[in-house]
file target.cif (mmCIF, C-alpha atoms and all ligand atoms)
data_run
#
loop_
_atom_site.label_atom_id
_atom_site.label_comp_id
_atom_site.auth_asym_id
_atom_site.auth_seq_id
_atom_site.Cartn_x
_atom_site.Cartn_y
_atom_site.Cartn_z
CA MET A 4 26.47 80.05 164.94
CA LEU A 5 29.94 78.63 165.40
CA SER A 6 31.04 81.76 167.24
CA ARG A 7 28.04 81.62 169.53
CA ALA A 8 28.57 77.94 170.24
CA ILE A 9 32.18 78.61 171.17
CA THR A 10 31.12 81.44 173.47
CA LEU A 11 28.75 79.02 175.18
CA ILE A 12 31.51 76.48 175.57
CA GLU A 13 33.83 79.04 177.09
CA SER A 14 31.21 80.10 179.63
CA ARG A 15 31.68 78.95 183.19
CA LEU A 16 27.98 79.11 184.04
CA PRO A 17 26.63 75.64 184.86
CA ARG A 18 23.53 76.05 182.67
CA HIS A 19 25.73 77.10 179.74
CA GLN A 20 27.99 74.15 180.43
CA GLU A 21 25.04 71.78 180.14
CA ALA A 22 24.12 73.12 176.73
CA ALA A 23 27.78 73.12 175.77
CA GLN A 24 28.10 69.42 176.59
CA ARG A 25 25.13 68.65 174.35
CA ILE A 26 26.70 70.61 171.50
CA ILE A 27 30.03 68.83 171.93
CA GLU A 28 28.33 65.43 172.00
CA GLY A 29 26.50 66.31 168.81
CA CYS A 30 29.64 67.55 167.09
CA LEU A 31 32.01 64.76 168.10
CA PRO A 32 30.79 62.24 165.50
CA HIS A 33 31.38 64.89 162.82
CA SER A 34 34.82 65.87 164.03
CA GLY A 35 38.30 64.52 163.54
CA GLU A 36 38.57 64.98 159.79
CA SER A 37 41.05 67.79 159.89
CA LEU A 38 44.64 68.66 160.42
CA ARG A 39 45.27 70.37 163.72
CA ILE A 40 48.34 72.52 163.48
CA GLY A 41 49.98 74.37 166.36
CA ILE A 42 52.00 77.41 165.37
CA THR A 43 54.27 78.96 167.92
CA GLY A 44 57.21 81.32 168.19
CA VAL A 45 58.31 84.35 170.16
CA PRO A 46 56.27 87.56 169.98
CA GLY A 47 56.94 89.35 166.72
CA VAL A 48 58.31 86.32 164.86
CA GLY A 49 55.40 86.67 162.45
CA LYS A 50 52.89 84.04 163.53
CA SER A 51 49.82 86.06 162.58
CA THR A 52 51.31 87.18 159.28
CA PHE A 53 52.29 83.58 158.57
CA ILE A 54 48.80 82.31 159.35
CA GLU A 55 47.35 84.90 156.98
CA ALA A 56 49.69 83.67 154.22
CA LEU A 57 49.15 79.96 154.95
CA GLY A 58 45.40 80.38 155.36
CA MET A 59 45.08 82.17 152.02
CA HIS A 60 47.25 79.51 150.43
CA LEU A 61 44.99 76.74 151.72
CA ILE A 62 41.86 78.52 150.54
CA GLU A 63 43.11 79.65 147.15
CA HIS A 64 45.37 76.79 146.12
CA ARG A 65 44.04 73.79 148.02
CA ALA A 66 40.38 74.80 148.15
CA GLN A 67 40.11 74.08 151.86
CA LYS A 68 38.46 75.96 154.68
CA VAL A 69 40.61 77.23 157.52
CA ALA A 70 39.84 77.90 161.15
CA VAL A 71 42.27 79.99 163.16
CA LEU A 72 42.24 79.91 166.93
CA ALA A 73 44.43 82.65 168.26
CA VAL A 74 44.99 82.76 171.94
CA ASP A 75 44.81 86.30 173.21
CA PRO A 76 47.77 86.91 175.44
CA SER A 77 46.49 90.32 176.48
CA SER A 78 45.56 89.20 179.95
CA GLN A 79 49.13 88.23 180.65
CA PHE A 80 51.24 90.53 178.58
CA SER A 81 50.89 94.21 178.08
CA GLY A 82 48.96 95.19 175.03
CA GLY A 83 47.87 91.98 173.45
CA SER A 84 47.77 91.44 169.76
CA ILE A 85 44.16 90.93 168.78
CA LEU A 86 43.80 94.37 167.29
CA GLY A 87 47.07 93.82 165.49
CA ASP A 88 45.83 90.45 164.27
CA LYS A 89 42.79 92.03 162.66
CA THR A 90 45.10 94.01 160.40
CA ARG A 91 47.66 91.24 160.00
CA MET A 92 45.01 88.76 158.93
CA GLU A 93 43.11 91.25 156.83
CA ARG A 94 42.50 89.07 153.79
CA LEU A 95 41.82 85.97 155.82
CA SER A 96 39.35 87.66 158.16
CA ALA A 97 37.41 88.95 155.16
CA ASN A 98 37.31 85.53 153.49
CA GLN A 99 34.18 83.39 153.68
CA GLN A 100 36.24 80.21 153.82
CA ALA A 101 38.05 81.30 156.97
CA PHE A 102 36.93 81.46 160.56
CA ILE A 103 39.09 83.39 163.00
CA ARG A 104 38.51 83.13 166.68
CA PRO A 105 40.58 85.01 169.20
CA SER A 106 40.07 83.32 172.53
CA PRO A 107 40.78 84.74 175.93
CA SER A 108 43.41 82.78 177.74
CA GLY A 109 41.18 82.83 180.81
CA GLY A 110 43.94 82.36 183.29
CA SER A 111 44.60 78.82 182.30
CA LEU A 112 48.04 77.33 181.83
CA GLY A 113 50.42 79.30 179.68
CA GLY A 114 47.76 81.38 178.03
CA VAL A 115 46.09 78.52 176.21
CA ALA A 116 42.35 79.01 176.14
CA ARG A 117 40.68 76.63 178.56
CA ARG A 118 38.32 75.32 175.91
CA THR A 119 40.62 75.09 172.92
CA ARG A 120 40.06 71.34 172.50
CA GLU A 121 36.31 71.69 172.46
CA THR A 122 36.62 74.60 170.04
CA ILE A 123 38.66 72.42 167.67
CA ILE A 124 35.86 69.82 167.66
CA LEU A 125 33.25 72.45 166.83
CA CYS A 126 35.34 73.91 164.00
CA GLU A 127 35.82 70.44 162.53
CA ALA A 128 32.13 69.67 162.71
CA ALA A 129 31.50 72.97 160.94
CA GLY A 130 33.59 71.69 158.04
CA TYR A 131 36.94 73.35 158.61
CA ARG A 132 39.55 70.98 157.24
CA ASN A 133 42.45 72.83 158.80
CA VAL A 134 42.62 74.20 162.30
CA LEU A 135 45.55 76.52 162.94
CA ILE A 136 46.27 77.40 166.54
CA GLU A 137 48.49 80.39 167.19
CA THR A 138 50.12 80.53 170.56
CA VAL A 139 52.73 82.90 171.81
CA GLY A 140 55.97 81.12 172.43
CA VAL A 141 56.92 81.80 175.97
CA GLY A 142 57.02 78.39 177.57
CA GLN A 143 54.14 76.41 179.00
CA SER A 144 51.65 77.31 176.30
CA GLU A 145 53.50 75.28 173.69
CA ILE A 146 53.45 72.22 175.85
CA ALA A 147 49.71 72.55 176.31
CA VAL A 148 49.14 73.23 172.63
CA ALA A 149 51.42 70.38 171.55
CA SER A 150 49.06 67.99 173.34
CA MET A 151 46.12 69.26 171.24
CA VAL A 152 47.57 69.18 167.74
CA ASP A 153 48.72 66.76 165.06
CA PHE A 154 51.62 68.87 163.93
CA PHE A 155 53.69 71.43 165.74
CA LEU A 156 55.36 74.21 163.77
CA LEU A 157 57.92 76.44 165.37
CA LEU A 158 58.62 79.78 163.71
CA MET A 159 62.08 81.18 164.28
CA LEU A 160 64.11 84.21 163.36
CA ALA A 161 67.57 84.25 161.91
CA GLY A 162 70.44 85.82 163.73
CA ALA A 163 69.20 85.38 167.24
CA GLY A 164 70.50 82.64 169.46
CA ASP A 165 68.11 80.25 171.12
CA GLU A 166 68.45 82.05 174.43
CA LEU A 167 67.66 85.32 172.75
CA GLN A 168 64.54 83.86 171.26
CA GLY A 169 63.50 82.46 174.57
CA ILE A 170 63.02 79.06 172.98
CA LYS A 171 63.70 76.20 175.28
CA ARG A 172 65.35 73.03 174.15
CA GLY A 173 62.24 71.07 175.04
CA ILE A 174 60.22 73.13 172.62
CA ILE A 175 62.63 72.53 169.78
CA GLU A 176 62.34 68.84 170.60
CA MET A 177 58.56 69.00 170.26
CA ALA A 178 58.64 70.73 166.89
CA ASP A 179 57.76 68.70 163.81
CA MET A 180 59.06 71.52 161.70
CA MET A 181 61.00 74.71 162.18
CA ALA A 182 60.56 77.55 159.74
CA ILE A 183 62.90 80.51 159.75
CA ASN A 184 60.56 83.38 158.95
CA LYS A 185 61.39 86.79 157.49
CA ALA A 186 63.70 85.15 154.96
CA ASP A 187 63.45 88.15 152.70
CA GLY A 188 65.41 91.21 151.62
CA SER A 189 68.74 91.64 153.34
CA ASN A 190 67.77 88.93 155.82
CA LEU A 191 67.70 86.13 153.28
CA ALA A 192 71.34 85.06 153.57
CA ARG A 193 71.16 85.04 157.36
CA ALA A 194 68.00 82.95 157.23
CA ARG A 195 69.74 80.38 155.04
CA ALA A 196 72.68 80.27 157.44
CA ALA A 197 70.33 79.80 160.39
CA GLN A 198 68.60 77.00 158.48
CA ALA A 199 71.89 75.16 158.07
CA GLU A 200 72.71 75.68 161.74
CA TYR A 201 69.39 74.40 162.99
CA ARG A 202 69.52 71.44 160.65
CA ALA A 203 72.85 70.48 162.12
CA ALA A 204 71.54 71.02 165.64
CA LEU A 205 68.46 68.87 165.03
CA ARG A 206 70.64 65.97 163.98
CA LEU A 207 71.83 65.77 167.56
CA PHE A 208 68.31 65.06 168.79
CA PRO A 209 67.11 61.49 169.07
CA PRO A 210 64.76 60.39 166.27
CA SER A 211 61.11 61.01 167.08
CA ALA A 212 58.63 58.23 167.79
CA SER A 213 56.72 58.99 164.59
CA GLY A 214 59.68 58.11 162.40
CA TRP A 215 59.47 61.64 161.05
CA ILE A 216 62.62 63.68 160.81
CA PRO A 217 61.79 67.29 161.72
CA ARG A 218 62.44 69.70 158.87
CA VAL A 219 63.98 73.12 158.90
CA LEU A 220 62.67 75.41 156.16
CA THR A 221 62.75 79.11 155.46
CA CYS A 222 59.85 81.35 154.52
CA SER A 223 58.69 84.89 154.24
CA ALA A 224 55.18 85.34 155.50
CA GLN A 225 55.25 88.86 154.18
CA GLU A 226 56.38 88.02 150.66
CA ASN A 227 54.52 84.75 150.60
CA THR A 228 57.50 82.56 149.82
CA GLY A 229 58.15 79.11 151.22
CA ILE A 230 54.55 78.72 152.38
CA ALA A 231 53.58 76.02 149.85
CA GLU A 232 56.73 74.05 150.70
CA ILE A 233 55.88 74.17 154.38
CA TRP A 234 52.41 72.84 153.72
CA ASP A 235 53.78 70.12 151.46
CA GLY A 236 55.93 69.09 154.40
CA VAL A 237 52.91 68.99 156.69
CA LEU A 238 51.08 66.76 154.21
CA GLU A 239 54.08 64.52 153.86
CA TYR A 240 54.17 64.13 157.63
CA HIS A 241 50.46 63.35 157.58
CA ARG A 242 50.93 60.61 155.00
CA LEU A 243 53.83 59.04 156.85
CA ALA A 244 52.17 59.20 160.27
CA SER A 245 48.87 57.89 158.90
CA ARG A 246 50.61 54.94 157.31
CA ASN A 247 52.63 53.92 160.34
CA GLY A 248 49.82 54.47 162.83
CA TYR A 249 51.44 57.33 164.68
CA PHE A 250 48.76 59.81 163.64
CA ALA A 251 46.03 57.72 165.27
CA GLU A 252 48.21 57.20 168.31
CA ARG A 253 48.71 60.93 168.68
CA ARG A 254 44.95 61.46 168.39
CA ARG A 255 44.42 58.95 171.18
CA ALA A 256 46.97 60.79 173.29
CA GLN A 257 45.02 63.99 172.61
CA LEU A 258 41.92 62.33 174.03
CA VAL A 259 43.80 61.25 177.14
CA ASP A 260 45.07 64.80 177.67
CA TRP A 261 41.64 66.22 176.96
CA LEU A 262 40.00 64.04 179.59
CA GLU A 263 42.61 64.96 182.16
CA ALA A 264 42.48 68.65 181.39
CA ALA A 265 38.67 68.60 181.46
CA VAL A 266 38.70 66.97 184.89
CA GLU A 267 41.07 69.62 186.20
CA THR A 268 39.03 72.42 184.66
CA GLY A 269 35.83 70.93 186.05
CA ILE A 270 37.25 70.69 189.55
CA ALA A 271 38.71 74.18 189.38
CA ASP A 272 35.41 75.63 188.14
CA ALA A 273 33.41 73.90 190.87
CA TYR A 274 35.91 75.09 193.46
CA GLN A 275 35.75 78.68 192.27
CA GLN A 276 31.97 78.71 192.10
CA ASP A 277 31.43 77.61 195.67
CA ALA A 278 30.77 80.75 197.66
CA GLU A 279 31.66 79.30 201.04
CA VAL A 280 34.92 77.86 199.74
CA ALA A 281 35.69 81.18 198.06
CA ALA A 282 35.17 83.07 201.32
CA ARG A 283 37.33 80.64 203.26
CA HIS A 284 39.93 80.84 200.51
CA ALA A 285 40.10 84.61 200.92
CA THR A 286 40.44 84.31 204.70
CA LEU A 287 43.17 81.71 204.53
CA LEU A 288 45.00 83.58 201.82
CA ASN A 289 45.12 86.52 204.15
CA GLU A 290 46.54 84.32 206.92
CA VAL A 291 49.14 82.98 204.52
CA LEU A 292 50.13 86.50 203.54
CA GLN A 293 50.37 87.48 207.21
CA GLY A 294 52.72 84.58 207.75
CA GLU A 295 50.24 82.90 210.09
CA MET A 296 49.77 79.77 208.07
CA SER A 297 51.78 77.91 205.47
CA PRO A 298 50.37 77.78 201.94
CA SER A 299 50.34 74.00 202.00
CA LYS A 300 48.39 73.85 205.25
CA ALA A 301 45.91 76.41 203.95
CA ALA A 302 45.54 74.44 200.71
CA ALA A 303 44.93 71.20 202.60
CA ALA A 304 42.23 72.89 204.71
CA LEU A 305 40.57 74.33 201.61
CA VAL A 306 40.63 71.04 199.74
CA ASP A 307 39.14 69.31 202.80
CA LEU A 308 36.39 71.90 203.03
CA PHE A 309 35.67 71.60 199.31
CA LEU A 310 35.64 67.81 199.32
CA GLY A 311 33.43 67.74 202.39
CA LYS A 312 30.81 69.73 200.52
CA LEU A 313 30.88 67.64 197.38
CA PRO A 314 27.77 65.48 197.82
CA ARG A 315 25.68 68.63 197.93
CA SER A 316 27.49 70.76 195.39
CA ALA A 317 28.50 68.22 192.77
CA PRO A 318 26.65 68.63 189.48
CA GLN A 319 24.47 65.69 188.43
CA ALA A 320 26.42 62.97 186.67
CA GLY A 321 25.66 62.70 182.95
CA GLY A 322 23.40 59.68 183.19
CA ASN A 323 23.03 58.99 179.49
CA GLY A 324 25.99 56.64 179.44
CA LYS A 325 27.79 58.56 176.72
CA GLU A 326 31.40 59.22 177.29
CA THR A 327 32.33 62.65 176.10
CA PRO A 328 35.58 63.74 177.70
N1 LIG K 401 60.26 91.29 156.71
C1 LIG K 401 59.29 90.53 157.20
N2 LIG K 401 58.51 90.97 158.19
C2 LIG K 401 57.55 90.15 158.68
C3 LIG K 401 57.35 88.86 158.15
N3 LIG K 401 56.35 88.28 158.84
C4 LIG K 401 55.92 89.19 159.74
N4 LIG K 401 56.64 90.32 159.65
C5 LIG K 401 56.46 91.53 160.47
O1 LIG K 401 56.78 91.24 161.81
C6 LIG K 401 55.92 91.93 162.70
C7 LIG K 401 55.25 90.96 163.66
O2 LIG K 401 54.38 90.13 162.90
P1 LIG K 401 53.18 89.33 163.58
O3 LIG K 401 52.60 88.49 162.51
O4 LIG K 401 52.27 90.23 164.30
O5 LIG K 401 53.95 88.46 164.64
P2 LIG K 401 53.35 87.50 165.79
O6 LIG K 401 54.34 86.43 165.97
O7 LIG K 401 51.96 87.12 165.45
O8 LIG K 401 53.34 88.43 167.05
P3 LIG K 401 52.51 88.25 168.42
O9 LIG K 401 51.11 87.86 168.07
O10 LIG K 401 52.58 89.59 169.07
O11 LIG K 401 53.20 87.21 169.23
C8 LIG K 401 54.94 92.72 161.84
O12 LIG K 401 55.41 94.04 161.71
C9 LIG K 401 55.01 92.00 160.50
O13 LIG K 401 54.72 92.85 159.43
C10 LIG K 401 58.20 88.42 157.07
O14 LIG K 401 58.11 87.31 156.55
N5 LIG K 401 59.16 89.29 156.65
MG MG K 402 50.12 87.31 166.50
#
call {"tool": "encode", "arguments": {"input": "target.cif", "output": "structure tokens"}}
result
Amino acid sequence: MLSRAITLIESRLPRHQEAAQRIIEGCLPHSGESLRIGITGVPGVGKSTFIEALGMHLIEHRAQKVAVLAVDPSSQFSGGSILGDKTRMERLSANQQAFIRPSPSGGSLGGVARRTRETIILCEAAGYRNVLIETVGVGQSEIAVASMVDFFLLLMLAGAGDELQGIKRGIIEMADMMAINKADGSNLARARAAQAEYRAALRLFPPSASGWIPRVLTCSAQENTGIAEIWDGVLEYHRLASRNGYFAERRRAQLVDWLEAAVETGIADAYQQDAEVAARHATLLNEVLQGEMSPSKAAAALVDLFLGKLPRSAPQAGGNGKETP
């Protein structure tokens, strides 16, 4: 049922969207009681393997249900990792206490699924106490995901400089915790060294608004070491941020971002669904490509055309006075 509801929410069809809004309204009062964790890192760092280990830890040692939202990067990068994820999250996908949902990135910013926020609400209402969101660490997706989660975990590898890992400074600044993964076998010593280096580097960053000092830990998702310590850290953050009000503040910021993103998505959907606008878009695009018109002039003409049609094409306003973002 949860899967089908999410599929409905991801649909762009207006009649599906109406049903989706009703589901979200119904779920909202039952949502919020979870930890929303964003997990990012470059391809191959071990995000899926880590989520398998953490998810099993939460189920087996903390008796909590886990939802995993993995954004499928296949539309943007060659291959994609969903098939790989099925094998990398073998135990978790077979476990009744886990729900794994690969979502298409659907062309939205940085590969983040366009309905990830709504999906989080549904998972929470379905009783999942932990929502883990895997996103591939290539840039914009982290920024989008960071605005949807309570805690942001950055997985790193030892022995590769920041540039090599494609991690931007801004992303390190957003991280509530860094974990050097693959701290096993002959890599262990290098992982420890990287830990010391990153700890020193983090000291140069200004203290975060939450009063939390980001941690640098090591782990091996494969050998299942360091996972419990990472989760203890997450819980410690949760306690601190709950006490000083930052957790609630961050949740409010999530609502602000949700509203804004939903407005943008709504406008973009309406724009794309208008046949006349779509036809004009194609014509003007052609003119732009021929060098006959500037992109900005074409865009202004298209926006004018779209806005001019609004009274007819706008969907009915809600009318029940409820304010779901
Ligand atoms: N030695 C070692 N290998 C690991 C560890 N974690 C993951 N791996 C391996 O690293 C490879 C990539 O792991 P994934 O979990 O698929 O990495 P990912 O970050 O999810 O990759 P993408 O989804 O493609 O971005 C796999 O071959 C894993 O078996 C670890 O802790 N130690
Ligand atoms: Mg993966």
call {"tool": "closest_residue", "arguments": {"input": "target.cif", "among": "A:Leu157, A:Ala224, A:Val69, A:Ala182", "to": "ligand LIG 401 (chain K)", "atoms": "only C-alpha atoms and all ligand atoms"}}
result
A:Ala224
call {"tool": "closest_residue", "arguments": {"input": "target.cif", "among": "A:Ile27, A:Leu38, A:Ala278, A:Ile12", "to": "Tyr240 of chain A", "atoms": "only C-alpha atoms"}}
result
A:Leu38
call {"tool": "residues_around", "arguments": {"input": "target.cif", "residues": "Asn133 of chain A", "least_positions_apart": "2", "cutoff": "10 Å", "atoms": "only C-alpha atoms", "output": "ChimeraX atom specification"}}
result
/A:36-40,58,61,67-71,101,123,126-127,130-131,135-136
call {"tool": "write_last_selection", "arguments": {"input": "target.cif", "atoms": "C-alpha atoms", "output": "short mmCIF file (atom, residue, chain, number, x, y, z; two decimals), keeping the file's coordinate frame"}}
result
data_model
loop_
_atom_site.label_atom_id
_atom_site.label_comp_id
_atom_site.auth_asym_id
_atom_site.auth_seq_id
_atom_site.Cartn_x
_atom_site.Cartn_y
_atom_site.Cartn_z
CA GLU A 36 38.57 64.98 159.79
CA SER A 37 41.05 67.79 159.89
CA LEU A 38 44.64 68.66 160.42
CA ARG A 39 45.27 70.37 163.72
CA ILE A 40 48.34 72.52 163.48
CA GLY A 58 45.40 80.38 155.36
CA LEU A 61 44.99 76.74 151.72
CA GLN A 67 40.11 74.08 151.86
CA LYS A 68 38.46 75.96 154.68
CA VAL A 69 40.61 77.23 157.52
CA ALA A 70 39.84 77.90 161.15
CA VAL A 71 42.27 79.99 163.16
CA ALA A 101 38.05 81.30 156.97
CA ILE A 123 38.66 72.42 167.67
CA CYS A 126 35.34 73.91 164.00
CA GLU A 127 35.82 70.44 162.53
CA GLY A 130 33.59 71.69 158.04
CA TYR A 131 36.94 73.35 158.61
CA LEU A 135 45.55 76.52 162.94
CA ILE A 136 46.27 77.40 166.54
#
call {"tool": "closest_atom_pairs", "arguments": {"input": "target.cif", "of": "chain A", "to": "ligand LIG 401 (chain K)", "cutoff": "6 Å", "atoms": "all atoms listed in the file", "output": "Markdown table"}}
result
| residue | atom | partner | partner_atom | distance |
| --- | --- | --- | --- | --- |
| A:Val45 | CA | K:LIG401 | O11 | 5.9 |
| A:Pro46 | CA | K:LIG401 | O11 | 3.2 |
| A:Gly47 | CA | K:LIG401 | O8 | 3.7 |
| A:Val48 | CA | K:LIG401 | O6 | 4.1 |
| A:Gly49 | CA | K:LIG401 | O5 | 3.2 |
| A:Lys50 | CA | K:LIG401 | O6 | 3.7 |
| A:Ser51 | CA | K:LIG401 | O3 | 3.7 |
| A:Thr52 | CA | K:LIG401 | O3 | 3.7 |
| A:Ser84 | CA | K:LIG401 | O9 | 5.2 |
| A:Val139 | CA | K:LIG401 | O11 | 5.0 |
| A:Asn184 | CA | K:LIG401 | O14 | 5.2 |
| A:Lys185 | CA | K:LIG401 | O14 | 3.5 |
| A:Asp187 | CA | K:LIG401 | N5 | 5.9 |
| A:Ser223 | CA | K:LIG401 | O14 | 3.4 |
| A:Ala224 | CA | K:LIG401 | O14 | 3.7 |
| A:Gln225 | CA | K:LIG401 | O14 | 4.0 |
call {"tool": "closest_residue", "arguments": {"input": "target.cif", "among": "A:Ser14, A:Thr119, A:Thr138, A:Ser34", "to": "ligand MG 402 (chain K)", "atoms": "only C-alpha atoms and all ligand atoms"}}
result
A:Thr138
call {"tool": "atom_distance", "arguments": {"input": "target.cif", "atom1": "atom CA of Met181 of chain A", "atom2": "atom CA of Val219 of chain A"}}
result
4.7 Å
call {"tool": "closest_residue", "arguments": {"input": "target.cif", "among": "A:Met92, A:Ala271, A:Leu11, A:Val259", "to": "ligand MG 402 (chain K)", "atoms": "all atoms listed in the file"}}
result
A:Met92
call {"tool": "residues_around", "arguments": {"input": "target.cif", "residues": "segment 189-195 of chain A", "least_positions_apart": "5", "cutoff": "10 Å", "atoms": "all atoms listed in the file", "output": "list in words"}}
result
Met159, Leu160, Ala161, Gly162, Ala182, Ile183, Asn184, Glu200, Tyr201, Leu220, Thr221, Cys222 and Ser223 of chain A
